[in-house]
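Structure file upload_11.txt (compact mmCIF, C-alpha atoms) follows.
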```
# COMPACT_ATOMS: atom_id res chain seq x y z
CA MET A 1 -38.44 27.85 19.90
CA THR A 2 -37.88 31.29 18.45
CA ILE A 3 -35.88 31.85 15.36
CA HIS A 4 -33.73 34.94 15.24
CA PRO A 5 -33.08 35.92 11.65
CA LEU A 6 -29.70 37.39 11.03
CA ARG A 7 -30.07 40.96 9.88
CA PRO A 8 -27.48 42.12 7.39
CA SER A 9 -26.68 45.09 9.61
CA ASP A 10 -25.64 42.73 12.36
CA ALA A 11 -21.93 42.63 12.58
CA PRO A 12 -20.81 39.05 12.75
CA THR A 13 -19.81 38.31 16.27
CA PRO A 14 -16.13 37.58 16.25
CA ARG A 15 -15.31 34.17 17.54
CA PRO A 16 -13.64 34.40 20.89
CA VAL A 17 -9.99 33.65 20.67
CA GLN A 18 -9.74 30.25 22.18
CA GLU A 19 -6.82 29.24 24.19
CA ARG A 20 -5.15 25.99 23.70
CA PRO A 21 -4.92 23.48 25.23
CA ASP A 22 -8.11 24.17 27.13
CA THR A 23 -10.26 24.25 24.00
CA ALA A 24 -11.11 20.61 24.01
CA SER A 25 -12.34 20.64 27.58
CA ALA A 26 -14.89 23.33 26.69
CA TYR A 27 -16.65 20.66 24.64
CA ASP A 28 -16.43 17.94 27.26
CA SER A 29 -19.64 16.08 27.64
CA THR A 30 -18.78 13.12 29.80
CA TRP A 31 -21.17 12.39 32.61
CA THR A 32 -19.89 13.92 35.77
CA GLU A 33 -22.38 12.22 38.02
CA GLN A 34 -21.92 8.54 37.41
CA PRO A 35 -24.80 6.34 38.37
CA VAL A 36 -23.78 3.50 40.61
CA ALA A 37 -23.29 1.04 37.82
CA GLN A 38 -22.21 -2.53 38.13
CA ALA A 39 -18.78 -3.27 36.78
CA PRO A 40 -19.13 -3.99 33.04
CA GLU A 41 -19.35 -7.66 32.26
CA GLY A 42 -17.89 -9.90 29.60
CA LEU A 43 -17.44 -8.29 26.22
CA ASP A 44 -18.15 -4.80 27.52
CA ARG A 45 -15.34 -5.13 30.00
CA ILE A 46 -12.82 -6.12 27.35
CA MET A 47 -13.89 -3.59 24.75
CA GLY A 48 -13.98 -0.68 27.18
CA GLN A 49 -10.34 -0.96 28.18
CA GLY A 50 -7.59 1.37 27.08
CA GLY A 51 -9.80 4.24 26.01
CA LYS A 52 -11.86 1.87 23.82
CA ILE A 53 -8.96 1.22 21.48
CA TYR A 54 -10.27 -2.32 21.06
CA VAL A 55 -13.36 -0.96 19.39
CA VAL A 56 -11.16 0.62 16.73
CA LEU A 57 -9.18 -2.58 16.46
CA ALA A 58 -12.38 -4.55 15.94
CA VAL A 59 -13.47 -2.21 13.15
CA VAL A 60 -10.12 -2.39 11.38
CA LEU A 61 -10.07 -6.17 11.70
CA LEU A 62 -13.54 -6.43 10.18
CA ILE A 63 -12.39 -4.32 7.21
CA TRP A 64 -9.29 -6.48 6.86
CA ILE A 65 -11.37 -9.67 6.91
CA GLY A 66 -13.59 -8.20 4.21
CA LEU A 67 -10.61 -7.35 2.01
CA VAL A 68 -9.11 -10.81 2.50
CA THR A 69 -12.42 -12.37 1.49
CA VAL A 70 -12.36 -10.35 -1.73
CA LEU A 71 -8.78 -11.46 -2.36
CA PHE A 72 -9.69 -15.13 -1.96
CA ARG A 73 -12.84 -14.94 -4.05
CA THR A 74 -11.00 -13.20 -6.89
CA ASP A 75 -8.33 -15.89 -6.73
CA ARG A 76 -10.96 -18.59 -7.04
CA LYS A 77 -12.46 -16.93 -10.08
CA ILE A 78 -9.05 -16.58 -11.72
CA ASP A 79 -8.25 -20.23 -10.93
CA ARG A 80 -11.43 -21.35 -12.65
CA LEU A 81 -10.78 -19.21 -15.74
CA GLU A 82 -7.20 -20.45 -15.97
CA ARG A 83 -8.33 -24.06 -15.92
CA ARG A 84 -10.86 -23.37 -18.64
CA LEU A 85 -8.30 -21.61 -20.83
CA ASP A 86 -5.79 -24.40 -20.23
CA ARG A 87 -8.32 -26.97 -21.41
CA HIS A 88 -9.05 -24.92 -24.51
CA ILE A 89 -5.38 -24.77 -25.37
CA SER A 90 -4.76 -28.50 -24.93
CA GLU A 91 -7.87 -29.34 -26.97
CA ASP A 92 -6.65 -27.23 -29.84
CA GLU A 93 -3.31 -28.94 -30.06
CA MET B 1 5.38 -26.65 -26.62
CA SER B 2 2.39 -28.87 -25.89
CA SER B 3 3.77 -29.87 -22.53
CA SER B 4 4.90 -26.40 -21.65
CA SER B 5 1.52 -24.88 -22.41
CA GLN B 6 0.10 -26.96 -19.56
CA THR B 7 2.54 -25.39 -17.14
CA ALA B 8 2.56 -21.98 -18.75
CA LEU B 9 0.38 -20.39 -16.09
CA PRO B 10 2.03 -17.20 -14.93
CA VAL B 11 2.14 -18.39 -11.33
CA ASN B 12 3.02 -21.43 -9.31
CA ARG B 13 -0.29 -22.02 -7.54
CA ARG B 14 1.20 -23.68 -4.51
CA LEU B 15 3.66 -20.84 -3.95
CA TYR B 16 0.87 -18.34 -4.38
CA ARG B 17 -1.34 -20.07 -1.80
CA GLY B 18 1.54 -20.32 0.66
CA VAL B 19 2.35 -16.64 0.39
CA ARG B 20 -1.33 -15.77 0.67
CA GLY B 21 -1.73 -17.75 3.88
CA LEU B 22 1.37 -16.21 5.40
CA VAL B 23 0.32 -12.69 4.45
CA VAL B 24 -3.14 -13.11 5.95
CA VAL B 25 -1.78 -14.52 9.22
CA VAL B 26 1.10 -12.05 9.59
CA LEU B 27 -0.86 -8.95 8.61
CA THR B 28 -3.66 -9.85 11.00
CA GLY B 29 -1.07 -10.18 13.73
CA VAL B 30 0.54 -6.89 12.70
CA ILE B 31 -2.79 -5.06 12.91
CA ILE B 32 -3.49 -6.44 16.39
CA ALA B 33 0.03 -5.85 17.70
CA GLY B 34 0.18 -2.50 15.94
CA PHE B 35 -2.86 -1.29 17.86
CA VAL B 36 -2.28 -2.74 21.29
CA GLY B 37 1.49 -3.34 21.44
CA GLU B 38 3.82 -1.31 23.62
CA ILE B 39 5.41 1.78 22.11
CA PRO B 40 7.69 4.41 23.62
CA GLN B 41 5.98 7.60 24.75
CA LEU B 42 7.24 10.46 22.61
CA ASP B 43 6.24 14.08 22.36
CA ILE B 44 4.48 15.19 19.18
CA LEU B 45 4.31 11.64 17.86
CA GLU B 46 2.41 10.14 20.80
CA GLN B 47 0.24 7.24 19.62
CA SER B 48 0.72 8.19 15.98
CA ALA B 49 4.10 6.43 16.13
CA ARG B 50 2.06 3.31 15.35
CA ASN B 51 1.73 4.66 11.82
CA LEU B 52 5.26 3.44 11.26
CA TYR B 53 3.86 -0.09 10.92
CA PHE B 54 1.56 0.90 8.09
CA HIS B 55 2.96 3.97 6.32
CA VAL B 56 6.56 2.87 5.83
CA PRO B 57 5.82 -0.58 4.32
CA MET B 58 3.92 1.21 1.54
CA TRP B 59 7.24 2.64 0.37
CA PHE B 60 9.10 -0.62 0.65
CA SER B 61 6.38 -2.18 -1.49
CA LEU B 62 6.69 0.61 -4.04
CA MET B 63 10.46 0.17 -4.28
CA ALA B 64 10.16 -3.59 -4.71
CA ALA B 65 7.47 -3.19 -7.35
CA THR B 66 9.48 -0.68 -9.38
CA ILE B 67 12.51 -2.98 -9.34
CA VAL B 68 10.40 -5.97 -10.39
CA SER B 69 8.85 -3.86 -13.13
CA ALA B 70 12.24 -2.76 -14.46
CA TYR B 71 13.54 -6.33 -14.29
CA HIS B 72 10.75 -7.52 -16.56
CA SER B 73 11.16 -4.55 -18.87
CA ALA B 74 14.82 -5.46 -19.32
CA HIS B 75 13.83 -9.03 -20.12
CA TYR B 76 11.23 -7.82 -22.55
CA LEU B 77 13.83 -5.78 -24.41
CA ARG B 78 16.07 -8.84 -24.72
CA ARG B 79 13.54 -11.44 -25.84
CA GLY B 80 10.32 -9.63 -26.68
CA ASN B 81 8.15 -12.02 -24.69
CA ARG B 82 4.68 -10.49 -24.26
CA VAL B 83 4.31 -11.85 -20.73
CA ARG B 84 7.30 -9.78 -19.67
CA ASP B 85 5.54 -6.66 -20.89
CA LEU B 86 2.42 -7.61 -18.95
CA ARG B 87 4.48 -8.20 -15.82
CA ALA B 88 6.30 -4.89 -16.15
CA ARG B 89 3.01 -3.06 -16.60
CA GLU B 90 1.25 -4.69 -13.66
CA ALA B 91 4.23 -4.23 -11.35
CA ALA B 92 4.33 -0.54 -12.24
CA ARG B 93 0.62 -0.33 -11.53
CA ILE B 94 1.08 -1.88 -8.08
CA ALA B 95 3.95 0.55 -7.47
CA LEU B 96 1.64 3.45 -8.24
CA ILE B 97 -1.09 2.13 -5.97
CA PHE B 98 1.23 1.62 -3.01
CA GLY B 99 2.96 4.93 -3.67
CA GLY B 100 -0.39 6.72 -3.74
CA LEU B 101 -1.34 5.11 -0.44
CA GLY B 102 2.05 6.08 0.98
CA ILE B 103 1.63 9.72 -0.03
CA VAL B 104 -1.90 9.97 1.35
CA THR B 105 -1.09 8.23 4.64
CA GLY B 106 1.99 10.44 5.02
CA MET B 107 -0.09 13.57 4.44
CA VAL B 108 -2.62 12.58 7.07
CA TRP B 109 0.09 11.59 9.54
CA ALA B 110 2.02 14.86 9.18
CA ARG B 111 -1.10 17.04 9.13
CA PHE B 112 -2.22 15.93 12.57
CA THR B 113 1.19 15.39 14.12
CA TRP B 114 3.98 17.76 13.13
CA TYR B 115 1.72 20.33 11.44
CA GLU B 116 -1.01 20.01 14.05
CA GLY B 117 -3.03 23.17 14.35
CA THR B 118 -1.50 24.73 11.22
CA GLY B 119 -3.94 23.30 8.70
CA VAL B 120 -1.03 22.39 6.46
CA TRP B 121 -1.58 19.23 4.45
CA TRP B 122 1.39 19.59 2.16
CA ASN B 123 4.58 21.24 3.35
CA PHE B 124 7.01 20.33 0.59
CA ASP B 125 8.98 18.10 2.85
CA PRO B 126 11.84 16.97 0.56
CA LYS B 127 10.95 13.31 0.76
CA GLN B 128 7.28 14.01 0.22
CA SER B 129 7.92 16.16 -2.83
CA MET B 130 10.41 13.74 -4.35
CA ALA B 131 8.00 10.87 -3.81
CA ALA B 132 5.36 12.87 -5.64
CA VAL B 133 7.81 13.43 -8.50
CA LEU B 134 8.46 9.69 -8.62
CA LEU B 135 4.74 8.95 -8.82
CA LEU B 136 4.44 11.44 -11.69
CA ILE B 137 7.29 9.68 -13.50
CA TYR B 138 5.48 6.37 -13.15
CA GLY B 139 2.24 8.01 -14.15
CA GLY B 140 4.07 9.06 -17.31
CA TYR B 141 4.79 5.40 -18.00
CA PHE B 142 1.07 4.71 -18.33
CA VAL B 143 0.43 7.84 -20.36
CA LEU B 144 3.18 6.70 -22.72
CA ARG B 145 1.69 3.21 -22.98
CA ASP B 146 -1.74 4.57 -23.76
CA ALA B 147 -0.32 6.79 -26.47
CA ILE B 148 0.98 3.90 -28.59
CA ASP B 149 -1.35 1.45 -30.29
CA ALA B 150 0.99 -1.12 -31.81
CA PRO B 151 1.72 -3.68 -29.07
CA GLU B 152 5.31 -4.33 -30.14
CA ALA B 153 6.32 -0.69 -30.29
CA ARG B 154 4.38 0.07 -27.13
CA GLY B 155 6.11 -2.67 -25.20
CA ARG B 156 9.56 -1.66 -26.41
CA ILE B 157 9.27 2.07 -25.91
CA ALA B 158 7.57 1.66 -22.53
CA ALA B 159 10.29 -0.75 -21.43
CA VAL B 160 13.02 1.75 -22.28
CA TYR B 161 11.16 4.49 -20.43
CA ASN B 162 10.70 2.15 -17.47
CA LEU B 163 14.44 1.50 -17.24
CA PHE B 164 15.07 5.23 -17.03
CA ALA B 165 12.27 5.62 -14.49
CA VAL B 166 13.66 3.05 -12.09
CA VAL B 167 17.03 4.76 -12.06
CA THR B 168 15.44 7.86 -10.57
CA MET B 169 13.84 5.86 -7.74
CA PRO B 170 16.80 5.57 -5.33
CA PHE B 171 17.80 9.18 -5.98
CA LEU B 172 14.33 10.54 -5.35
CA LEU B 173 13.55 8.39 -2.33
CA TYR B 174 16.94 8.00 -0.67
CA ILE B 175 19.77 10.16 -1.82
CA LEU B 176 18.30 13.60 -2.45
CA PRO B 177 15.90 13.79 0.55
CA ARG B 178 18.73 12.90 2.91
CA GLN B 179 20.74 15.93 1.81
CA MET B 180 18.04 18.27 3.09
CA PRO B 181 16.35 18.90 6.41
CA SER B 182 13.29 16.71 6.55
CA LEU B 183 10.75 15.20 8.89
CA HIS B 184 11.83 11.82 7.66
CA PRO B 185 14.67 9.98 9.32
CA GLY B 186 17.90 9.45 7.45
CA GLY B 187 19.54 12.86 7.47
CA GLU B 188 21.96 11.81 10.18
CA GLY B 189 22.98 8.56 8.56
CA SER B 190 21.18 5.37 7.74
CA PRO B 191 18.32 4.68 10.14
CA ALA B 192 18.23 1.10 8.88
CA PHE B 193 21.39 0.13 10.74
CA SER B 194 20.95 2.38 13.75
CA GLN B 195 20.58 0.60 17.07
CA THR B 196 18.72 3.47 18.71
CA ASP B 197 16.33 4.58 16.02
CA LEU B 198 13.59 2.08 16.70
CA ALA B 199 12.61 0.55 20.02
CA PRO B 200 13.17 -3.21 20.09
CA ALA B 201 9.50 -3.85 20.87
CA MET B 202 8.54 -2.00 17.70
CA ARG B 203 10.96 -3.93 15.53
CA TRP B 204 8.98 -7.09 16.22
CA VAL B 205 5.97 -5.54 14.59
CA PHE B 206 7.67 -3.37 11.99
CA TYR B 207 9.80 -5.98 10.24
CA PRO B 208 7.00 -8.55 9.87
CA SER B 209 4.79 -5.73 8.66
CA VAL B 210 7.25 -4.80 5.91
CA LEU B 211 7.53 -8.42 4.81
CA ALA B 212 3.77 -8.96 4.92
CA PHE B 213 3.03 -5.84 2.89
CA LEU B 214 5.65 -6.88 0.35
CA GLY B 215 3.83 -10.21 0.19
CA LEU B 216 0.50 -8.47 -0.22
CA ALA B 217 1.91 -6.37 -3.06
CA TRP B 218 3.16 -9.54 -4.69
CA LEU B 219 -0.26 -11.19 -4.35
CA LEU B 220 -2.07 -8.25 -5.91
CA TYR B 221 0.54 -8.02 -8.65
CA THR B 222 0.25 -11.74 -9.38
CA GLN B 223 -3.52 -11.53 -9.49
CA ARG B 224 -3.32 -8.80 -12.09
CA VAL B 225 -0.72 -10.66 -14.12
CA ARG B 226 -2.93 -13.73 -14.13
CA LEU B 227 -5.90 -11.68 -15.25
CA SER B 228 -4.07 -9.99 -18.09
CA TRP B 229 -2.54 -13.34 -19.06
CA LEU B 230 -6.07 -14.72 -19.32
CA ARG B 231 -7.14 -11.75 -21.39
CA GLU B 232 -4.21 -12.18 -23.77
CA GLY B 233 -4.79 -15.91 -23.97
CA LEU B 234 -8.44 -15.49 -24.78
CA ALA B 235 -7.61 -12.91 -27.42
CA ALA B 236 -5.01 -15.14 -29.07
CA PRO B 237 -5.84 -18.77 -28.22
CA ALA B 238 -3.90 -21.96 -28.80
CA SER B 239 -0.35 -21.85 -30.03
CA SER B 240 0.06 -18.12 -29.76
CA ALA B 241 -1.02 -18.09 -26.13
CA PRO B 242 1.66 -16.37 -24.13
CA VAL B 243 4.15 -18.91 -22.95
CA ASP B 244 7.04 -18.00 -20.79
CA GLY B 245 9.71 -20.54 -21.42
CA GLU B 246 11.44 -19.77 -18.20
CA GLN B 247 10.56 -20.90 -14.74
CA ASP B 248 7.05 -20.44 -13.45
CA GLY B 249 6.15 -18.60 -10.33
CA GLU B 250 8.91 -16.13 -10.81
CA LEU B 251 8.31 -12.59 -9.67
```

Rewrite the coordinates I just gave you, this time as C-alpha cells.
Amino acid sequence: MTIHPLRPSDAPTPRPVQERPDTASAYDSTWTEQPVAQAPEGLDRIMGQGGKIYVVLAVVLLIWIGLVTVLFRTDRKIDRLERRLDRHISEDE
Amino acid sequence: MSSSSQTALPVNRRLYRGVRGLVVVVLTGVIIAGFVGEIPQLDILEQSARNLYFHVPMWFSLMAATIVSAYHSAHYLRRGNRVRDLRAREAARIALIFGGLGIVTGMVWARFTWYEGTGVWWNFDPKQSMAAVLLLIYGGYFVLRDAIDAPEARGRIAAVYNLFAVVTMPFLLYILPRQMPSLHPGGEGSPAFSQTDLAPAMRWVFYPSVLAFLGLAWLLYTQRVRLSWLREGLAAPASSAPVDGEQDGEL
C-alpha cells in the first residue's frame, strides 16, 4: 500500500454534487450474485422477515425487559426499607 | 396516631403492584404492536408514523404530572403537610423527565422526517418552542427550591410558584401553538375528536400506549415519593414521621 501525503498546494478536490435520490444506491453493497442457499430455517426465517424489523423489535424488547427488572428490584428495596422504618416507628411508640 | 402510622406508607402496595403489572403487560404489547402493526402509508412520514405511539404519550404524562404536582402544592398551602410538598416536588420532577424525553424524541423525529436533508434539528416550531418554555418554567421551580434552605418557607414559596407554573401549561401546550402554523396537529380544530385524524388500527395501539405511559409515570413518581418519604422518616423518626391523615394510595 502506498500512502499519498496531501501536499498543502493540493487544492481540495470538491466533492461531486450528488444527486438525490440516487445517492444511497451508490453505496449499495448487497450481494448481487446470491449463492444457491437453502431457505432460512427456524429463527432465521422469522427474524429475517419484513426488512429485519424483528431484529430491532428484539433489541427494544431486551432493553424494555432490562428497565422493568430495574423497576422491580428498586421496588423490592423500597418495600424492605419501608418495613424496617415502620417497625422502628411502632417500637418507639 | 399509633394506628395510622402503620398505614401511613405513601402508597397502597396492592394498587401499586396492580398498576405495575398492567403497565408491564400493556407497554410490552404496545412495543410489539407499535413495531409490527399495520399503519397507513403516508408520504414524508412513512414508517416514522409509529413514533406517534411513543412521542405523544410523553406529553400526556407531562401534563398529568404537572396537574398532580399543582394539586399537591395546593394541598400543601392549605394544611402544610410535608408529604404534600414531597409529592409536588417528585411529580414536577417526573414532568421534567417526560417533557425532556418528549422534546428530544420530537427533535429526532422532525429532523429525519419533515426537515430531512436540511440538517435542522430545531426549527422553532411553535409547539416545540412553547414546550421548551414550559420546561424552563418547571426548571425554575427546582432552582427556586434549591435557593431556599428553610423547609417551611421553601415548601410554601415553591407551592405558590408551582400554582402559577401549572396555569401556563395549557396555554403553552394547547392554546398558543394552535394559533400558529405548526407541524403538530390541532390547527384545524381538535384532533382528539376528529374521526379522520388517526386510522382505526392505530387507535388500538395509541390509546393503550397513552394509558400505559401515564401508568409508568405514576409508578416512577410513586417510587420517588416512597424514597423521599423514607428519607424524611429516617431523618425525623417516630412521632414526627410524615403522616398523611388522608387516604393512602392517592396520586

>> For a cutoff of 12 Å around the file-coordinate point (1.1, 7.2, 16.9), which residues qualify once you count only C-alpha atoms? I'd like the result as number ranges by chain.
In response: B: 34-55, 108-110, 112-114, 202

>> Can you pull out the residues contacting Phe98 in chain B? Cut-off 6 Å, using all atoms listed in the file, and skip same-chain residues under 3 positions away; I want them as a VMD selection string.
In response: chain B and resid 58 62 95 101

>> List as a ChimeraX atom specification the protein and nucleic acid residues near range 173-175 of chain B, meaning an atom at most 10 Å away when only C-alpha atoms are counted, but skip any in the same chain fewer than 3 places from it.
In response: /B:59,63,126-134,168-170,178-180,186-187,190

> Near Val25 in chain B, within 12 Å and counting all atoms listed in the file, which residues show up once chain neighbours fewer than 5 positions away are dropped, as a PyMOL selection string?
Replying inline: (chain A and resi 64-65+68) or (chain B and resi 18-20+30-32+208-209+211-213+215-216)

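Taking all atoms listed in the file into account, Met47 in chain A lies nearest to A:Val59 out of the set A:Trp31, A:Leu81, A:Val59, A:Ile89.
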
> For chain A against chain B, which residues fall within 12 Å using all atoms listed in the file, given as number ranges by chain?
Replying inline: A: 20-21, 49-93

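One finds CA of Gly106 in chain B at 15.0 Å from CA of Pro177 in chain B.
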
>> One number please: CA of Ala74 in chain B to CA of Ala91 in chain B, in Å, one decimal.
In response: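 Interatomic distance here is 13.3 Å.
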
> Rounded to one decimal in Å, what is the spacing between CA of Arg145 in chain B and CA of Ala158 in chain B?
Replying inline: 6.1 Å

>> Set the distance at 10 Å and use all atoms listed in the file: which residues neighbour Gly80 in chain B once local chain neighbours fewer than 5 positions away are removed? I'd like the list as number ranges by chain.
In response: B: 73-75, 85, 152, 155-156

Using C-alpha atoms, can you export the residues from the last selection as a compact mmCIF listing (two decimals), keeping the file's coordinate frame?
```
# COMPACT_ATOMS: atom_id res chain seq x y z
CA SER B 73 11.16 -4.55 -18.87
CA ALA B 74 14.82 -5.46 -19.32
CA HIS B 75 13.83 -9.03 -20.12
CA ASP B 85 5.54 -6.66 -20.89
CA GLU B 152 5.31 -4.33 -30.14
CA GLY B 155 6.11 -2.67 -25.20
CA ARG B 156 9.56 -1.66 -26.41
```

4 Å per side around range 40-50 of chain A: axis-aligned box centre and edge lengths, as JSON:
```
{"center_x": -13.5, "center_y": -4.3, "center_z": 28.9, "size_x": 19.8, "size_y": 19.3, "size_z": 16.3}
```

>> When you count only C-alpha atoms, which of these residues is closest to Leu144 in chain B: B:Val26, B:Arg89, B:Ile103, B:Ile94?
In response: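 Checking each candidate against Leu144 in chain B, we get B:Arg89 as the closest.
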
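Closest to Phe124 in chain B among B:Ala70, B:Ile137, B:Leu183, B:Leu96 is B:Leu183, based on only C-alpha atoms.
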